[in-house]
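S.K.: Next up, structure-v9.pdb (PDB, C-alpha atoms).
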MODEL        1
ATOM      1  CA  MET A  33     -16.858  16.319   8.542
ATOM      2  CA  ASP A  34     -13.967  17.800   6.618
ATOM      3  CA  GLU A  35     -12.057  15.377   4.443
ATOM      4  CA  LYS A  36      -8.542  14.689   5.674
ATOM      5  CA  LYS A  37      -5.635  14.850   3.259
ATOM      6  CA  LEU A  38      -2.406  12.874   2.934
ATOM      7  CA  ALA A  39       0.482  13.957   0.707
ATOM      8  CA  ILE A  40       3.356  11.559  -0.030
ATOM      9  CA  VAL A  41       6.637  12.107  -1.882
ATOM     10  CA  ALA A  42       7.867   8.768  -3.295
ATOM     11  CA  THR A  43      11.573   8.897  -4.105
ATOM     12  CA  LYS A  44      12.712   5.268  -4.121
ATOM     13  CA  GLY A  45      12.435   2.708  -6.888
ATOM     14  CA  THR A  46      13.320  -0.626  -5.345
ATOM     15  CA  LEU A  47      10.898  -3.485  -4.713
ATOM     16  CA  ASP A  48      11.016  -3.068  -0.924
ATOM     17  CA  TRP A  49      10.775   0.729  -0.873
ATOM     18  CA  GLY A  50       7.945   0.674  -3.374
ATOM     19  CA  TYR A  51       5.647  -0.734  -0.711
ATOM     20  CA  PRO A  52       5.324   2.070   1.882
ATOM     21  CA  PRO A  53       3.865   4.704  -0.468
ATOM     22  CA  PHE A  54       1.252   2.334  -1.904
ATOM     23  CA  ILE A  55       0.361   0.690   1.427
ATOM     24  CA  LEU A  56      -0.123   4.026   3.172
ATOM     25  CA  ALA A  57      -1.910   5.652   0.247
ATOM     26  CA  SER A  58      -4.385   2.786  -0.240
ATOM     27  CA  THR A  59      -5.078   2.478   3.483
ATOM     28  CA  ALA A  60      -5.546   6.214   3.940
ATOM     29  CA  ALA A  61      -7.953   6.226   0.999
ATOM     30  CA  ALA A  62      -9.894   3.377   2.659
ATOM     31  CA  LEU A  63     -10.092   5.495   5.811
ATOM     32  CA  GLY A  64     -11.584   8.352   3.839
ATOM     33  CA  TYR A  65      -8.501  10.481   3.188
ATOM     34  CA  SER A  66      -7.974  12.291  -0.055
ATOM     35  CA  VAL A  67      -4.476  11.202  -1.141
ATOM     36  CA  GLU A  68      -1.845  12.487  -3.509
ATOM     37  CA  ILE A  69       1.544  10.918  -4.293
ATOM     38  CA  PHE A  70       4.313  12.913  -5.946
ATOM     39  CA  PHE A  71       6.782  10.567  -7.673
ATOM     40  CA  THR A  72      10.271  11.918  -8.179
ATOM     41  CA  PHE A  73      13.749  10.600  -8.994
ATOM     42  CA  TYR A  74      13.840   6.779  -8.617
ATOM     43  CA  GLY A  75      10.259   6.770  -7.376
ATOM     44  CA  LEU A  76       9.223   7.252 -11.021
ATOM     45  CA  GLN A  77       9.983   3.550 -11.544
ATOM     46  CA  LEU A  78       6.849   2.803  -9.511
ATOM     47  CA  LEU A  79       4.696   4.348 -12.237
ATOM     48  CA  LYS A  80       5.746   1.991 -15.032
ATOM     49  CA  LYS A  81       3.009  -0.294 -16.348
ATOM     50  CA  ASP A  82       5.295  -3.270 -15.887
ATOM     51  CA  LEU A  83       6.783  -3.440 -12.375
ATOM     52  CA  SER A  84       8.597  -6.747 -12.871
ATOM     53  CA  HIS A  85      11.934  -4.912 -13.243
ATOM     54  CA  LEU A  86      11.917  -3.726  -9.622
ATOM     55  CA  ARG A  87      14.640  -5.328  -7.526
ATOM     56  CA  VAL A  88      15.787  -5.438  -3.944
ATOM     57  CA  SER A  89      19.516  -5.203  -3.302
ATOM     58  CA  PRO A  90      21.379  -6.849  -0.436
ATOM     59  CA  LEU A  91      24.355  -4.583  -1.266
ATOM     60  CA  GLY A  92      24.814  -1.770   1.232
ATOM     61  CA  ASN A  93      21.831  -3.125   3.126
ATOM     62  CA  PRO A  94      23.177  -4.834   6.256
ATOM     63  CA  ALA A  95      19.715  -4.938   7.827
ATOM     64  CA  MET A  96      18.360  -7.297   5.199
ATOM     65  CA  PRO A  97      17.724 -10.725   6.725
ATOM     66  CA  MET A  98      19.661 -13.433   4.871
ATOM     67  CA  PRO A  99      19.209 -17.220   5.219
ATOM     68  CA  ILE A 100      22.910 -17.534   6.086
ATOM     69  CA  PRO A 101      25.250 -14.744   7.204
ATOM     70  CA  MET A 102      27.280 -13.463   4.258
ATOM     71  CA  PRO A 103      30.201 -11.068   4.097
ATOM     72  CA  THR A 104      29.402  -7.743   2.422
ATOM     73  CA  LEU A 105      31.953  -8.391  -0.314
ATOM     74  CA  MET A 106      29.905 -11.355  -1.556
ATOM     75  CA  MET A 107      26.912  -9.108  -2.197
ATOM     76  CA  VAL A 108      28.582  -7.717  -5.327
ATOM     77  CA  LEU A 109      28.721 -11.152  -6.986
ATOM     78  CA  PRO A 110      26.583 -11.649 -10.098
ATOM     79  CA  GLY A 111      23.219 -13.144  -9.264
ATOM     80  CA  MET A 112      23.075 -11.916  -5.670
ATOM     81  CA  GLU A 113      20.553  -9.193  -6.443
ATOM     82  CA  GLY A 114      18.399 -11.588  -8.437
ATOM     83  CA  MET A 115      18.516 -14.078  -5.598
ATOM     84  CA  ALA A 116      17.532 -11.486  -2.992
ATOM     85  CA  THR A 117      14.706 -10.278  -5.230
ATOM     86  CA  SER A 118      13.196 -13.707  -5.851
ATOM     87  CA  MET A 119      13.630 -14.594  -2.170
ATOM     88  CA  MET A 120      11.664 -11.534  -1.142
ATOM     89  CA  LYS A 121       8.951 -12.106  -3.744
ATOM     90  CA  SER A 122       8.371 -15.709  -2.710
ATOM     91  CA  LYS A 123       8.367 -14.791   0.973
ATOM     92  CA  MET A 124       5.793 -12.067   0.372
ATOM     93  CA  LYS A 125       3.575 -14.444  -1.548
ATOM     94  CA  ALA A 126       3.809 -17.073   1.193
ATOM     95  CA  LYS A 127       2.868 -14.510   3.856
ATOM     96  CA  GLY A 128      -0.146 -13.137   1.998
ATOM     97  CA  VAL A 129       1.460  -9.754   1.314
ATOM     98  CA  ALA A 130      -0.078  -8.030  -1.696
ATOM     99  CA  SER A 131       1.978  -7.539  -4.831
ATOM    100  CA  LEU A 132       3.003  -3.977  -5.695
ATOM    101  CA  ASP A 133       0.810  -4.170  -8.805
ATOM    102  CA  GLU A 134      -2.196  -5.078  -6.676
ATOM    103  CA  LEU A 135      -1.611  -2.281  -4.151
ATOM    104  CA  ARG A 136      -1.099   0.252  -6.906
ATOM    105  CA  GLU A 137      -4.286  -0.921  -8.611
ATOM    106  CA  LEU A 138      -6.149  -0.431  -5.319
ATOM    107  CA  CYS A 139      -4.748   3.105  -5.122
ATOM    108  CA  VAL A 140      -5.955   3.815  -8.660
ATOM    109  CA  GLU A 141      -9.412   2.432  -7.817
ATOM    110  CA  ALA A 142      -9.528   4.614  -4.704
ATOM    111  CA  GLU A 143      -8.720   7.671  -6.838
ATOM    112  CA  VAL A 144      -5.341   8.358  -5.292
ATOM    113  CA  ARG A 145      -3.939  11.205  -7.370
ATOM    114  CA  MET A 146      -0.493  10.454  -8.797
ATOM    115  CA  ILE A 147       1.855  13.104 -10.077
ATOM    116  CA  ALA A 148       5.127  12.442 -11.898
ATOM    117  CA  CYS A 149       7.853  15.022 -11.388
ATOM    118  CA  GLN A 150       8.380  16.660 -14.770
ATOM    119  CA  MET A 151      11.999  17.600 -14.091
ATOM    120  CA  THR A 152      13.145  14.058 -13.255
ATOM    121  CA  VAL A 153      11.044  12.552 -16.069
ATOM    122  CA  ASP A 154      13.094  14.753 -18.412
ATOM    123  CA  LEU A 155      16.362  14.172 -16.558
ATOM    124  CA  PHE A 156      16.190  10.373 -16.785
ATOM    125  CA  GLU A 157      14.445  10.464 -20.177
ATOM    126  CA  PHE A 158      11.461   8.432 -19.033
ATOM    127  CA  ASP A 159       8.858   7.809 -21.710
ATOM    128  CA  THR A 160       5.528   8.736 -20.114
ATOM    129  CA  ALA A 161       3.870   6.227 -22.483
ATOM    130  CA  ASP A 162       5.450   3.553 -20.253
ATOM    131  CA  PHE A 163       3.506   4.869 -17.245
ATOM    132  CA  ILE A 164       0.081   3.635 -16.191
ATOM    133  CA  ASP A 165      -2.866   5.758 -17.292
ATOM    134  CA  GLY A 166      -4.026   8.752 -15.290
ATOM    135  CA  ILE A 167      -0.618  10.090 -14.267
ATOM    136  CA  GLU A 168      -0.320  13.873 -14.204
ATOM    137  CA  LEU A 169       2.930  15.732 -14.700
ATOM    138  CA  GLY A 170       3.904  18.540 -12.381
ATOM    139  CA  GLY A 171       6.605  20.292 -10.424
ATOM    140  CA  ALA A 172       7.393  21.175  -6.834
ATOM    141  CA  ALA A 173       4.823  23.971  -6.800
ATOM    142  CA  ALA A 174       2.119  21.517  -7.891
ATOM    143  CA  PHE A 175       3.058  19.298  -4.950
ATOM    144  CA  PHE A 176       2.785  22.142  -2.452
ATOM    145  CA  GLU A 177      -0.618  23.112  -3.735
ATOM    146  CA  PHE A 178      -1.920  19.858  -2.213
ATOM    147  CA  ALA A 179       0.671  19.333   0.539
ATOM    148  CA  GLY A 180       0.055  22.801   1.920
ATOM    149  CA  GLU A 181      -3.516  21.824   2.729
ATOM    150  CA  SER A 182      -2.678  18.308   3.930
ATOM    151  CA  ASP A 183      -3.000  16.930   7.452
ATOM    152  CA  ILE A 184      -0.103  14.532   6.918
ATOM    153  CA  THR A 185       2.915  14.836   4.620
ATOM    154  CA  LEU A 186       5.395  11.986   4.205
ATOM    155  CA  PHE A 187       8.716  11.787   2.391
ATOM    156  CA  ILE A 188       9.534   8.196   1.461
TER
ATOM    157  CA  MET B 281     -24.338 -13.143  18.817
ATOM    158  CA  VAL B 282     -24.588 -10.565  16.078
ATOM    159  CA  GLN B 283     -26.183 -11.717  12.828
ATOM    160  CA  GLU B 284     -24.206 -10.872   9.711
ATOM    161  CA  ASP B 285     -25.561  -9.945   6.279
ATOM    162  CA  GLN B 286     -22.342 -10.810   4.471
ATOM    163  CA  VAL B 287     -19.069 -12.604   5.203
ATOM    164  CA  LEU B 288     -15.593 -11.577   4.088
ATOM    165  CA  ASP B 289     -12.901 -14.239   4.181
ATOM    166  CA  ALA B 290      -9.607 -12.405   4.764
ATOM    167  CA  ARG B 291      -7.720 -15.440   6.041
ATOM    168  CA  GLY B 292      -4.116 -15.632   4.882
ATOM    169  CA  LEU B 293      -4.084 -11.971   3.862
ATOM    170  CA  ASN B 294      -1.627  -9.538   5.371
ATOM    171  CA  CYS B 295      -1.689  -5.802   6.081
ATOM    172  CA  PRO B 296      -3.236  -3.743   4.532
ATOM    173  CA  LEU B 297      -5.363  -6.160   2.447
ATOM    174  CA  PRO B 298      -7.925  -7.157   5.135
ATOM    175  CA  ILE B 299      -8.770  -3.480   5.684
ATOM    176  CA  LEU B 300      -8.882  -2.665   1.980
ATOM    177  CA  ARG B 301     -11.134  -5.648   1.220
ATOM    178  CA  THR B 302     -13.358  -4.675   4.165
ATOM    179  CA  LYS B 303     -13.726  -1.146   2.855
ATOM    180  CA  LYS B 304     -14.756  -2.540  -0.528
ATOM    181  CA  ALA B 305     -17.211  -5.044   0.970
ATOM    182  CA  LEU B 306     -18.819  -2.351   3.150
ATOM    183  CA  GLY B 307     -19.347  -0.297   0.016
ATOM    184  CA  GLU B 308     -21.679  -3.006  -1.276
ATOM    185  CA  LEU B 309     -23.824  -3.013   1.889
ATOM    186  CA  THR B 310     -26.587  -0.632   2.855
ATOM    187  CA  SER B 311     -26.623   1.396   6.065
ATOM    188  CA  GLY B 312     -27.284  -0.773   9.142
ATOM    189  CA  GLN B 313     -26.178  -4.048   7.529
ATOM    190  CA  VAL B 314     -23.429  -6.064   9.193
ATOM    191  CA  LEU B 315     -20.253  -7.470   7.662
ATOM    192  CA  LYS B 316     -18.474 -10.394   9.308
ATOM    193  CA  ILE B 317     -14.746 -10.563   8.626
ATOM    194  CA  VAL B 318     -12.555 -13.587   9.321
ATOM    195  CA  ALA B 319      -8.823 -12.813   9.397
ATOM    196  CA  THR B 320      -5.612 -14.511  10.470
ATOM    197  CA  ASP B 321      -3.318 -11.460  10.594
ATOM    198  CA  PRO B 322      -2.609 -10.761  14.301
ATOM    199  CA  GLY B 323      -2.195  -7.068  13.460
ATOM    200  CA  ALA B 324      -5.825  -7.010  12.335
ATOM    201  CA  VAL B 325      -7.172  -6.520  15.868
ATOM    202  CA  LYS B 326      -5.672  -3.064  16.286
ATOM    203  CA  ASP B 327      -6.262  -2.234  12.631
ATOM    204  CA  PHE B 328      -9.968  -3.033  12.711
ATOM    205  CA  GLU B 329     -10.477  -1.001  15.870
ATOM    206  CA  ALA B 330      -8.699   1.919  14.202
ATOM    207  CA  PHE B 331     -10.621   1.440  10.959
ATOM    208  CA  ALA B 332     -13.994   1.411  12.745
ATOM    209  CA  LYS B 333     -13.132   4.499  14.762
ATOM    210  CA  GLN B 334     -11.906   6.522  11.811
ATOM    211  CA  THR B 335     -14.602   5.520   9.325
ATOM    212  CA  LYS B 336     -17.396   5.694  11.954
ATOM    213  CA  ASN B 337     -18.611   2.211  11.011
ATOM    214  CA  PRO B 338     -19.172   0.617  14.452
ATOM    215  CA  LEU B 339     -17.212  -2.500  15.389
ATOM    216  CA  LEU B 340     -20.012  -4.403  17.100
ATOM    217  CA  GLU B 341     -18.043  -7.369  18.297
ATOM    218  CA  HIS B 342     -14.745  -9.146  17.887
ATOM    219  CA  ALA B 343     -13.580 -12.545  18.948
ATOM    220  CA  GLU B 344     -10.606 -14.817  18.623
ATOM    221  CA  ALA B 345     -10.769 -18.558  18.142
ATOM    222  CA  ALA B 346      -8.185 -21.078  16.952
ATOM    223  CA  GLY B 347      -5.847 -18.465  15.489
ATOM    224  CA  GLU B 348      -8.658 -16.695  13.650
ATOM    225  CA  PHE B 349      -9.885 -13.209  14.374
ATOM    226  CA  ILE B 350     -13.536 -12.485  13.759
ATOM    227  CA  PHE B 351     -14.975  -9.000  13.456
ATOM    228  CA  PHE B 352     -18.504  -7.707  13.013
ATOM    229  CA  ILE B 353     -18.656  -4.255  11.508
ATOM    230  CA  GLN B 354     -21.892  -2.415  10.914
ATOM    231  CA  LYS B 355     -22.156  -0.063   7.992
ATOM    232  CA  ALA B 356     -22.898   3.439   9.283
TER
ENDMDL
END
Turn the structure described in the file into structure tokens.
M.R.:
Amino acid sequence: MDEKKLAIVATKGTLDWGYPPFILASTAAALGYSVEIFFTFYGLQLLKKDLSHLRVSPLGNPAMPMPIPMPTLMMVLPGMEGMATSMMKSKMKAKGVASLDELRELCVEAEVRMIACQMTVDLFEFDTADFIDGIELGGAAAFFEFAGESDITLFI
Amino acid sequence: MVQEDQVLDARGLNCPLPILRTKKALGELTSGQVLKIVATDPGAVKDFEAFAKQTKNPLLEHAEAAGEFIFFIQKA
């Protein structure tokens, strides 16, 4: 049986949007897929050793469930982002949802290949020493080398 | 009733953890052995069927009792 392949581009660096790449990558790996994730722009935040800085913003996000309805203008107030972030974290814990750290660790264990986009690492002056071990650096051509042979390609 | 060789308690865990823990637990079994999984995630029913089909580890039996979902998967 030929091994199936999944290629993901991870472009977002918020707590909520960090989940889809790691959930899909770890699950696909468990199903026997060979998986590669290309991290670019804000998605590079997901490669940092310490993920505690990731936030979720209620601003410009009218679909986010809130305990009480709040006008959009209130979302800019200091502390709103922190409140939304801790609300989401405690809800996830209560519902048995894995932490991002845990899912990422499972991806690493399952040998999901992770590539950091060299151009955006330079653009935002990321220090690759802040990234977890085993991250490769590459460009768009490096992504297509794997994506071109993949059964599924996702842009997240 | 199928006799299990090992039990995995996945109660309280949400997608995709029950599947990921199952994959890991199956890795520790030898071919033909049976893993019993107890889960509470209602999405697990479809997920375990899909997991068994795609990994070719047969889902021998599944049952539901008192809000718990029980699966028996045999290592291929």
S.K.: Apply the PyMOL selection byres ((chain B) within 6 of (chain A)) to the displayed file and report the matching residues as a list in words.
M.R.: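 Applying the expression gives Gly292, Leu293, Asn294, Lys303 and Thr335 of chain B.
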S.K.: I'd like the interatomic distance between CA of Val282 (chain B) and CA of Leu340 (chain B), to a tenth of an Å.
M.R.: 7.7 Å
S.K.: How far is it from CA of Ser131 (chain A) to CA of Lys80 (chain A), in Å with one decimal?
M.R.: 14.5 Å
S.K.: Counting all atoms listed in the file, figure out which residue out of A:Gln77, A:Ser89, A:Thr152, A:Thr117 gets nearest to Lys44 (chain A).
M.R.: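 Of A:Gln77, A:Ser89, A:Thr152, A:Thr117, the one nearest Lys44 (chain A) is A:Gln77, counting all atoms listed in the file.
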S.K.: I'd like to know which of A:Lys123, A:Arg145, A:Lys37, A:His85 is closest to Asp165 (chain A), using only C-alpha atoms.
M.R.: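 Ranked by minimum distance to Asp165 (chain A), first place goes to A:Arg145.
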